[in-house]
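Structure, as structure tokens:
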Amino acid sequence: MNPDARWDPATSPLLALAMIVRDGGQFLDSLLGAARGHVDEIVVVDTGSRDDSPTVARSHGARVLDFPWCDDFAAARNASLAACRARWILCLDADEQLAPADWAAIRLTAATWQAQGAMGGNIVTRNYLAQAWSRRGWQPVPAGDTHALPGHPAGVTAGFVPTAKVRLFPNHPRVRFSGRLHETVEASLAELGVPVVDLPVVVHHFGLLQEDPAKAGRYLELARRKVADLPRDAGAWRELADCAAVAGDHELALAATERVLAMRPDDADARLTAGWLLKEAGAPARAEAHLLAVSRCAEATDAQLGQACHLRAQVAMLDGRAEAAGPLLSAALSLAPGDGHIHNTLGVWHLQGGRGEPARAALEQAAALLPHLASPCLNLARMYEAAGHPDLAARQYERATSRDPAQPVAAAALARLRAHA
């Protein structure tokens, strides 16, 4: 397929930035400011902002279109595509940023593709999280990061969960998004026979740095509607499981995950999700069955195998099988040596077995790897208190409180120790 014949390379702009925005927040201004030097037009579809997002967008030369929200991200996204005049379209969100070199690379790619023929560009998104190892798939920011943002926002210090989707594609009336939630253009590109290639570009996404229960609830409702629209789509059920877990509805998350596994029994990530949810629900035998199955998934990665070993160790400890946990923790650490949560579990395992020095070493390592979490410090405090060292215990309770000022256990224990001092 070639780009639609109405696009004249001599007169049509090369590259458009298409966005949907609602209360764009702190990153919108800097995103659009960076984009202006690399795109020829900016189209912003506003779905009901209550802040100054439309004014900010217009100040950067954007065409702003009002779109009544209809609980369908694809519909809003497609309205932005229909308004674009350029030959190639890049889609970003208001809470995302690109490094200057990546902006230049995207424009160069569009210019190159114009001569070669239509292509779609798959781009990795770094979904930053405030806490290390706080979500499956987390990885640290690489040393000597070639995609680093100059003066990146405070708080982006730990790492991210990577995802990928097509964000750069030809402006063609049959290239459109589908899906109420987590919408994509991949299906329409496949129907047109447009090849997709991976681009050496990174999108920095900051929207997960702060919890937003209201947003989690909205996304959960959209995910419910999506599976109603696409009841045989395993990806839609996975999205429902993810949204339910974020919203705290573990029963729904498990039911949705089991639907995924009915369609994709070799899905290692779904097995891990089911195992974790069943562990939390106090169903060790069922959790163990799913976690054992991870090793039989043909495409399971070392990281996923390590996570399965860690979860199996936790299940064994909860199920009174402490002797089985040690080898599993050793295997988990061999596969994921930098995962602070595994070190924390190892410390607790040593504590339960009365091995004080190995417990201390593992928990100190966990505290260093998880600088945002109070749990390793709480475990160290309990260890010192049980060993008759109240001063050392108080220091660890203070450390836990500094990491999580709302931690009630640490505050109460610290007050108790001080009262008996």
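Ordering of the structure tokens sets the chain letters (A, B, ...), residue numbers begin anew at 1 in every chain, and ligands are numbered from 1 in the order given.
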
Might you pull out every residue within 7 Å of Leu209 (chain A), with only C-alpha atoms counted and same-chain residues fewer than 5 positions away left off, and present them as a PyMOL selection string?
chain A and resi 128-130

Can you tell me, as a ChimeraX atom specification, what residues are no more than 8 Å from Ala322 (chain A) when counting only C-alpha atoms, ignoring any on the same chain fewer than 5 positions away?
/A:316-317,349

Any chance you can output those residues with C-alpha atoms as a PDB file, in the first residue's frame?
ATOM      1  CA  ALA A 316       5.472 -22.701  50.509  1.00  0.00           C
ATOM      2  CA  MET A 317       6.134 -20.431  53.496  1.00  0.00           C
ATOM      3  CA  TRP A 349      12.718 -17.061  55.494  1.00  0.00           C
TER       4      TRP A 349
END

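Proximity of A:His310, A:His343, A:Arg416, A:Arg403 to Ala361 (chain A), computed with only C-alpha atoms, is greatest for A:His343.
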
Would you list, as a PyMOL selection string, the residues of region 13-237 of chain A that end up in strand (DSSP E or B) under DSSP run on this structure's backbone?
chain A and resi 15-21+41-46+63-66+88-91+96-97+120-129+139-140+159-170+178+184+196-205

Just C-alpha atoms for this one: save the residues we selected as an mmCIF file, in the first residue's frame.
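So the final result, stored in part-v7.cif, reads:
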data_model
loop_
_atom_site.group_PDB
_atom_site.id
_atom_site.type_symbol
_atom_site.label_atom_id
_atom_site.label_comp_id
_atom_site.auth_asym_id
_atom_site.auth_seq_id
_atom_site.Cartn_x
_atom_site.Cartn_y
_atom_site.Cartn_z
ATOM 1 C CA LEU A 15 4.460 14.889 9.884
ATOM 2 C CA ALA A 16 1.544 15.496 12.245
ATOM 3 C CA LEU A 17 1.328 15.013 15.992
ATOM 4 C CA ALA A 18 -2.170 13.762 16.902
ATOM 5 C CA MET A 19 -3.332 13.735 20.521
ATOM 6 C CA ILE A 20 -6.413 13.323 22.654
ATOM 7 C CA VAL A 21 -6.306 15.387 25.834
ATOM 8 C CA GLU A 41 1.044 20.251 12.447
ATOM 9 C CA ILE A 42 -0.414 19.466 15.850
ATOM 10 C CA VAL A 43 -3.991 18.254 16.232
ATOM 11 C CA VAL A 44 -5.409 18.071 19.756
ATOM 12 C CA VAL A 45 -8.816 16.538 20.375
ATOM 13 C CA ASP A 46 -10.035 17.752 23.761
ATOM 14 C CA ARG A 63 -5.678 22.975 16.110
ATOM 15 C CA VAL A 64 -7.943 22.094 19.019
ATOM 16 C CA LEU A 65 -11.154 20.182 18.381
ATOM 17 C CA ASP A 66 -13.829 19.539 20.990
ATOM 18 C CA TRP A 88 2.481 10.696 8.435
ATOM 19 C CA ILE A 89 0.977 10.727 11.900
ATOM 20 C CA LEU A 90 2.632 10.333 15.297
ATOM 21 C CA CYS A 91 0.365 9.666 18.288
ATOM 22 C CA GLU A 96 4.516 11.595 27.647
ATOM 23 C CA GLN A 97 7.819 13.046 26.452
ATOM 24 C CA GLY A 120 4.241 1.475 10.605
ATOM 25 C CA GLY A 121 6.604 2.234 13.445
ATOM 26 C CA ASN A 122 6.479 0.205 16.654
ATOM 27 C CA ILE A 123 7.844 2.251 19.580
ATOM 28 C CA VAL A 124 8.725 1.198 23.116
ATOM 29 C CA THR A 125 7.057 3.120 25.940
ATOM 30 C CA ARG A 126 8.746 3.364 29.326
ATOM 31 C CA ASN A 127 5.950 3.393 31.895
ATOM 32 C CA TYR A 128 7.762 4.879 34.893
ATOM 33 C CA LEU A 129 6.948 3.734 38.416
ATOM 34 C CA GLN A 139 13.452 -2.896 34.935
ATOM 35 C CA PRO A 140 15.915 -0.191 35.979
ATOM 36 C CA GLY A 159 12.758 2.355 36.549
ATOM 37 C CA PHE A 160 9.874 1.385 34.344
ATOM 38 C CA VAL A 161 7.750 -1.322 32.806
ATOM 39 C CA PRO A 162 8.208 -1.370 29.019
ATOM 40 C CA THR A 163 5.353 -1.797 26.558
ATOM 41 C CA ALA A 164 5.265 -1.312 22.804
ATOM 42 C CA LYS A 165 2.743 -0.344 20.140
ATOM 43 C CA VAL A 166 2.581 1.324 16.728
ATOM 44 C CA ARG A 167 2.661 5.092 17.086
ATOM 45 C CA LEU A 168 3.940 6.279 13.690
ATOM 46 C CA PHE A 169 1.956 5.380 10.567
ATOM 47 C CA PRO A 170 0.718 6.760 7.220
ATOM 48 C CA SER A 178 -9.902 -0.003 17.434
ATOM 49 C CA THR A 184 -4.317 0.318 18.659
ATOM 50 C CA VAL A 196 5.491 -2.754 10.885
ATOM 51 C CA VAL A 197 9.091 -2.273 12.035
ATOM 52 C CA ASP A 198 10.611 -1.508 15.417
ATOM 53 C CA LEU A 199 11.986 2.028 15.749
ATOM 54 C CA PRO A 200 15.014 2.850 17.952
ATOM 55 C CA VAL A 201 12.980 5.455 19.826
ATOM 56 C CA VAL A 202 11.626 5.633 23.384
ATOM 57 C CA VAL A 203 8.486 7.327 24.687
ATOM 58 C CA HIS A 204 8.738 8.380 28.338
ATOM 59 C CA HIS A 205 5.377 7.938 30.102
#

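Distances from A:Val141, A:Phe67, A:Gly37, A:Gly306 to Pro100 (chain A) were compared using only C-alpha atoms, and the smallest one belongs to A:Gly37.
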
For Leu240 (chain A), find every residue with an atom within 8 Å (counting only C-alpha atoms), except residues of its own chain fewer than 3 positions away, and show them as an MDAnalysis selection string.
chainID A and resid 220 223:224 227 236:237 243:244 253 256

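Here the question is which of A:Ala143, A:Ala268, A:Ala283, A:Ala413 gets nearest to Glu299 (chain A) using only C-alpha atoms, and that residue is A:Ala268.
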
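Distance check against Pro173 (chain A) using only C-alpha atoms: of A:Cys70, A:Leu189, A:Ala332, A:Ala245, the minimum falls on A:Leu189.
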
Hey, what's within 10 Å of Arg174 (chain A) if we count only C-alpha atoms and toss same-chain stuff fewer than 3 positions away? As an mmCIF file with C-alpha atoms, in the first residue's frame, please?
data_model
loop_
_atom_site.group_PDB
_atom_site.id
_atom_site.type_symbol
_atom_site.label_atom_id
_atom_site.label_comp_id
_atom_site.auth_asym_id
_atom_site.auth_seq_id
_atom_site.Cartn_x
_atom_site.Cartn_y
_atom_site.Cartn_z
ATOM 1 C CA ASP A 4 -3.313 7.902 -0.210
ATOM 2 C CA PRO A 170 0.718 6.760 7.220
ATOM 3 C CA ASN A 171 -2.244 9.100 7.130
ATOM 4 C CA PHE A 177 -7.744 2.751 15.950
ATOM 5 C CA VAL A 185 -3.999 0.681 14.865
ATOM 6 C CA SER A 188 -6.044 -1.848 10.318
ATOM 7 C CA LEU A 189 -2.403 -1.812 9.221
ATOM 8 C CA GLU A 191 -5.647 -5.452 6.801
ATOM 9 C CA LEU A 192 -3.927 -3.022 4.416
#

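Within the 9 Å cut-off around Leu32 (chain A), using only C-alpha atoms and omitting residues fewer than 2 positions from it on the same chain, the listed residues are Phe27, Leu28, Asp29, Ser30, Ala34, Ala35, Arg36, Ile42, Val56, Ala57, His60, Ala62 and Ala94 of chain A.
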
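Considering the residues A:Arg360, A:Arg58, A:His38, A:Arg87 and counting only C-alpha atoms, Ser12 (chain A) has its shortest atom-to-atom contact with A:Arg87.
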
Could you give me, as a ChimeraX atom specification, the residues within 12 Å of Glu398 (chain A), counting only C-alpha atoms and dropping anything in the same chain fewer than 3 positions from it?
/A:374,377-378,380-381,391-395,401-405,407-415,417-418

Next, dump the selected residues to file, keeping only N, CA and C atoms, as an mmCIF file, in the first residue's frame.
data_model
loop_
_atom_site.group_PDB
_atom_site.id
_atom_site.type_symbol
_atom_site.label_atom_id
_atom_site.label_comp_id
_atom_site.auth_asym_id
_atom_site.auth_seq_id
_atom_site.Cartn_x
_atom_site.Cartn_y
_atom_site.Cartn_z
ATOM 1 N N ALA A 374 8.965 0.388 53.088
ATOM 2 C CA ALA A 374 9.222 0.252 54.516
ATOM 3 C C ALA A 374 9.405 -1.205 54.935
ATOM 4 N N CYS A 377 12.792 -2.644 56.266
ATOM 5 C CA CYS A 377 13.165 -2.000 57.530
ATOM 6 C C CYS A 377 12.318 -2.530 58.683
ATOM 7 N N LEU A 378 11.037 -2.748 58.440
ATOM 8 C CA LEU A 378 10.172 -3.331 59.467
ATOM 9 C C LEU A 378 10.658 -4.722 59.856
ATOM 10 N N LEU A 380 13.732 -5.873 59.624
ATOM 11 C CA LEU A 380 14.961 -5.708 60.395
ATOM 12 C C LEU A 380 14.652 -5.280 61.827
ATOM 13 N N ALA A 381 13.705 -4.362 61.994
ATOM 14 C CA ALA A 381 13.341 -3.884 63.330
ATOM 15 C C ALA A 381 12.811 -5.027 64.192
ATOM 16 N N ASP A 391 17.535 -0.499 70.829
ATOM 17 C CA ASP A 391 18.065 0.691 70.166
ATOM 18 C C ASP A 391 18.180 0.467 68.660
ATOM 19 N N LEU A 392 18.701 -0.702 68.271
ATOM 20 C CA LEU A 392 18.815 -1.016 66.848
ATOM 21 C C LEU A 392 17.433 -1.160 66.212
ATOM 22 N N ALA A 393 16.497 -1.747 66.971
ATOM 23 C CA ALA A 393 15.130 -1.881 66.468
ATOM 24 C C ALA A 393 14.500 -0.516 66.236
ATOM 25 N N ALA A 394 14.716 0.425 67.183
ATOM 26 C CA ALA A 394 14.140 1.763 67.056
ATOM 27 C C ALA A 394 14.660 2.467 65.808
ATOM 28 N N ARG A 395 15.947 2.283 65.497
ATOM 29 C CA ARG A 395 16.511 2.909 64.301
ATOM 30 C C ARG A 395 15.827 2.397 63.029
ATOM 31 N N THR A 401 9.526 4.493 59.061
ATOM 32 C CA THR A 401 8.621 5.646 59.120
ATOM 33 C C THR A 401 9.041 6.741 58.152
ATOM 34 N N SER A 402 10.357 6.941 57.993
ATOM 35 C CA SER A 402 10.820 7.959 57.044
ATOM 36 C C SER A 402 10.473 7.573 55.607
ATOM 37 N N ARG A 403 10.435 6.281 55.328
ATOM 38 C CA ARG A 403 10.085 5.828 53.983
ATOM 39 C C ARG A 403 8.589 5.888 53.744
ATOM 40 N N ASP A 404 7.830 5.613 54.776
ATOM 41 C CA ASP A 404 6.370 5.628 54.671
ATOM 42 C C ASP A 404 5.797 6.277 55.925
ATOM 43 N N PRO A 405 5.639 7.624 55.907
ATOM 44 C CA PRO A 405 5.165 8.329 57.104
ATOM 45 C C PRO A 405 3.796 7.847 57.594
ATOM 46 N N GLN A 407 2.901 4.748 57.780
ATOM 47 C CA GLN A 407 3.016 3.355 58.214
ATOM 48 C C GLN A 407 2.621 3.226 59.685
ATOM 49 N N PRO A 408 1.448 2.654 59.994
ATOM 50 C CA PRO A 408 0.975 2.621 61.395
ATOM 51 C C PRO A 408 1.767 1.649 62.265
ATOM 52 N N VAL A 409 2.222 0.542 61.704
ATOM 53 C CA VAL A 409 2.928 -0.464 62.502
ATOM 54 C C VAL A 409 4.232 0.105 63.038
ATOM 55 N N ALA A 410 4.986 0.766 62.151
ATOM 56 C CA ALA A 410 6.275 1.322 62.563
ATOM 57 C C ALA A 410 6.087 2.417 63.606
ATOM 58 N N ALA A 411 5.109 3.301 63.391
ATOM 59 C CA ALA A 411 4.883 4.400 64.327
ATOM 60 C C ALA A 411 4.474 3.876 65.703
ATOM 61 N N ALA A 412 3.587 2.880 65.716
ATOM 62 C CA ALA A 412 3.132 2.326 67.000
ATOM 63 C C ALA A 412 4.273 1.621 67.730
ATOM 64 N N ALA A 413 5.084 0.867 66.986
ATOM 65 C CA ALA A 413 6.189 0.158 67.609
ATOM 66 C C ALA A 413 7.236 1.123 68.138
ATOM 67 N N LEU A 414 7.478 2.187 67.397
ATOM 68 C CA LEU A 414 8.456 3.192 67.839
ATOM 69 C C LEU A 414 7.969 3.861 69.114
ATOM 70 N N ALA A 415 6.693 4.198 69.187
ATOM 71 C CA ALA A 415 6.134 4.815 70.394
ATOM 72 C C ALA A 415 6.223 3.863 71.580
ATOM 73 N N LEU A 417 8.487 1.429 72.050
ATOM 74 C CA LEU A 417 9.869 1.328 72.473
ATOM 75 C C LEU A 417 10.318 2.559 73.272
ATOM 76 N N ARG A 418 9.885 3.706 72.810
ATOM 77 C CA ARG A 418 10.264 4.949 73.501
ATOM 78 C C ARG A 418 9.614 5.021 74.876
#

Would you return as JSON, numbers by chain the members of region 151-270 of chain A that DSSP assigns to alpha helix (DSSP H) on this structure's backbone?
{"A": [186, 187, 188, 189, 190, 191, 192, 213, 214, 215, 216, 217, 218, 219, 220, 221, 222, 223, 224, 225, 226, 227, 228, 229, 234, 235, 236, 237, 238, 239, 240, 241, 242, 243, 244, 245, 246, 247, 250, 251, 252, 253, 254, 255, 256, 257, 258, 259, 260, 261, 262, 263, 268, 269, 270]}

Please, what distance in Å, to one decimal, runs between CA of Thr11 (chain A) and CA of Asp40 (chain A)?
11.9 Å

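For the pair CA of His420 (chain A) and CA of His372 (chain A), the separation is 29.1 Å.
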
Extract, using only C-alpha atoms, all DNA, RNA and protein residues at most 9 Å from Asp267 (chain A), discarding same-chain residues fewer than 3 positions from it, and format them as a VMD selection string.
chain A and resid 260 to 261 264 270 to 272 294 297 to 300

Written selection (N, CA and C atoms) as a PDB file, in the first residue's frame:
ATOM      1  N   VAL A 260      -8.401 -15.668  30.115  1.00  0.00           N
ATOM      2  CA  VAL A 260      -7.215 -15.583  29.246  1.00  0.00           C
ATOM      3  C   VAL A 260      -6.591 -16.969  29.085  1.00  0.00           C
ATOM      4  N   LEU A 261      -6.422 -17.687  30.205  1.00  0.00           N
ATOM      5  CA  LEU A 261      -5.765 -18.992  30.160  1.00  0.00           C
ATOM      6  C   LEU A 261      -6.610 -20.038  29.438  1.00  0.00           C
ATOM      7  N   ARG A 264      -5.458 -19.098  26.062  1.00  0.00           N
ATOM      8  CA  ARG A 264      -4.008 -19.152  25.869  1.00  0.00           C
ATOM      9  C   ARG A 264      -3.361 -19.883  27.056  1.00  0.00           C
ATOM     10  N   ALA A 270       0.022 -14.662  32.293  1.00  0.00           N
ATOM     11  CA  ALA A 270      -1.289 -14.946  32.886  1.00  0.00           C
ATOM     12  C   ALA A 270      -1.168 -15.997  33.983  1.00  0.00           C
ATOM     13  N   ARG A 271      -0.297 -16.998  33.799  1.00  0.00           N
ATOM     14  CA  ARG A 271      -0.076 -17.994  34.853  1.00  0.00           C
ATOM     15  C   ARG A 271       0.470 -17.323  36.118  1.00  0.00           C
ATOM     16  N   LEU A 272       1.424 -16.411  35.938  1.00  0.00           N
ATOM     17  CA  LEU A 272       1.982 -15.697  37.091  1.00  0.00           C
ATOM     18  C   LEU A 272       0.917 -14.866  37.795  1.00  0.00           C
ATOM     19  N   VAL A 294       4.281 -22.375  34.722  1.00  0.00           N
ATOM     20  CA  VAL A 294       5.101 -21.364  34.043  1.00  0.00           C
ATOM     21  C   VAL A 294       6.313 -22.009  33.388  1.00  0.00           C
ATOM     22  N   CYS A 297       5.706 -23.278  29.937  1.00  0.00           N
ATOM     23  CA  CYS A 297       5.347 -22.329  28.876  1.00  0.00           C
ATOM     24  C   CYS A 297       6.551 -22.127  27.958  1.00  0.00           C
ATOM     25  N   ALA A 298       6.371 -22.393  26.695  1.00  0.00           N
ATOM     26  CA  ALA A 298       7.494 -22.421  25.757  1.00  0.00           C
ATOM     27  C   ALA A 298       8.224 -21.087  25.683  1.00  0.00           C
ATOM     28  N   GLU A 299       7.518 -19.987  25.840  1.00  0.00           N
ATOM     29  CA  GLU A 299       8.134 -18.676  25.659  1.00  0.00           C
ATOM     30  C   GLU A 299       8.402 -17.954  26.974  1.00  0.00           C
ATOM     31  N   ALA A 300       8.389 -18.669  28.083  1.00  0.00           N
ATOM     32  CA  ALA A 300       8.664 -18.043  29.382  1.00  0.00           C
ATOM     33  C   ALA A 300      10.095 -17.529  29.422  1.00  0.00           C
TER      34      ALA A 300
END

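Checking A:Phe206, A:Trp138, A:Trp113, A:Tyr219 one by one against Val194 (chain A), counting only C-alpha atoms, you find the shortest gap at A:Trp113.
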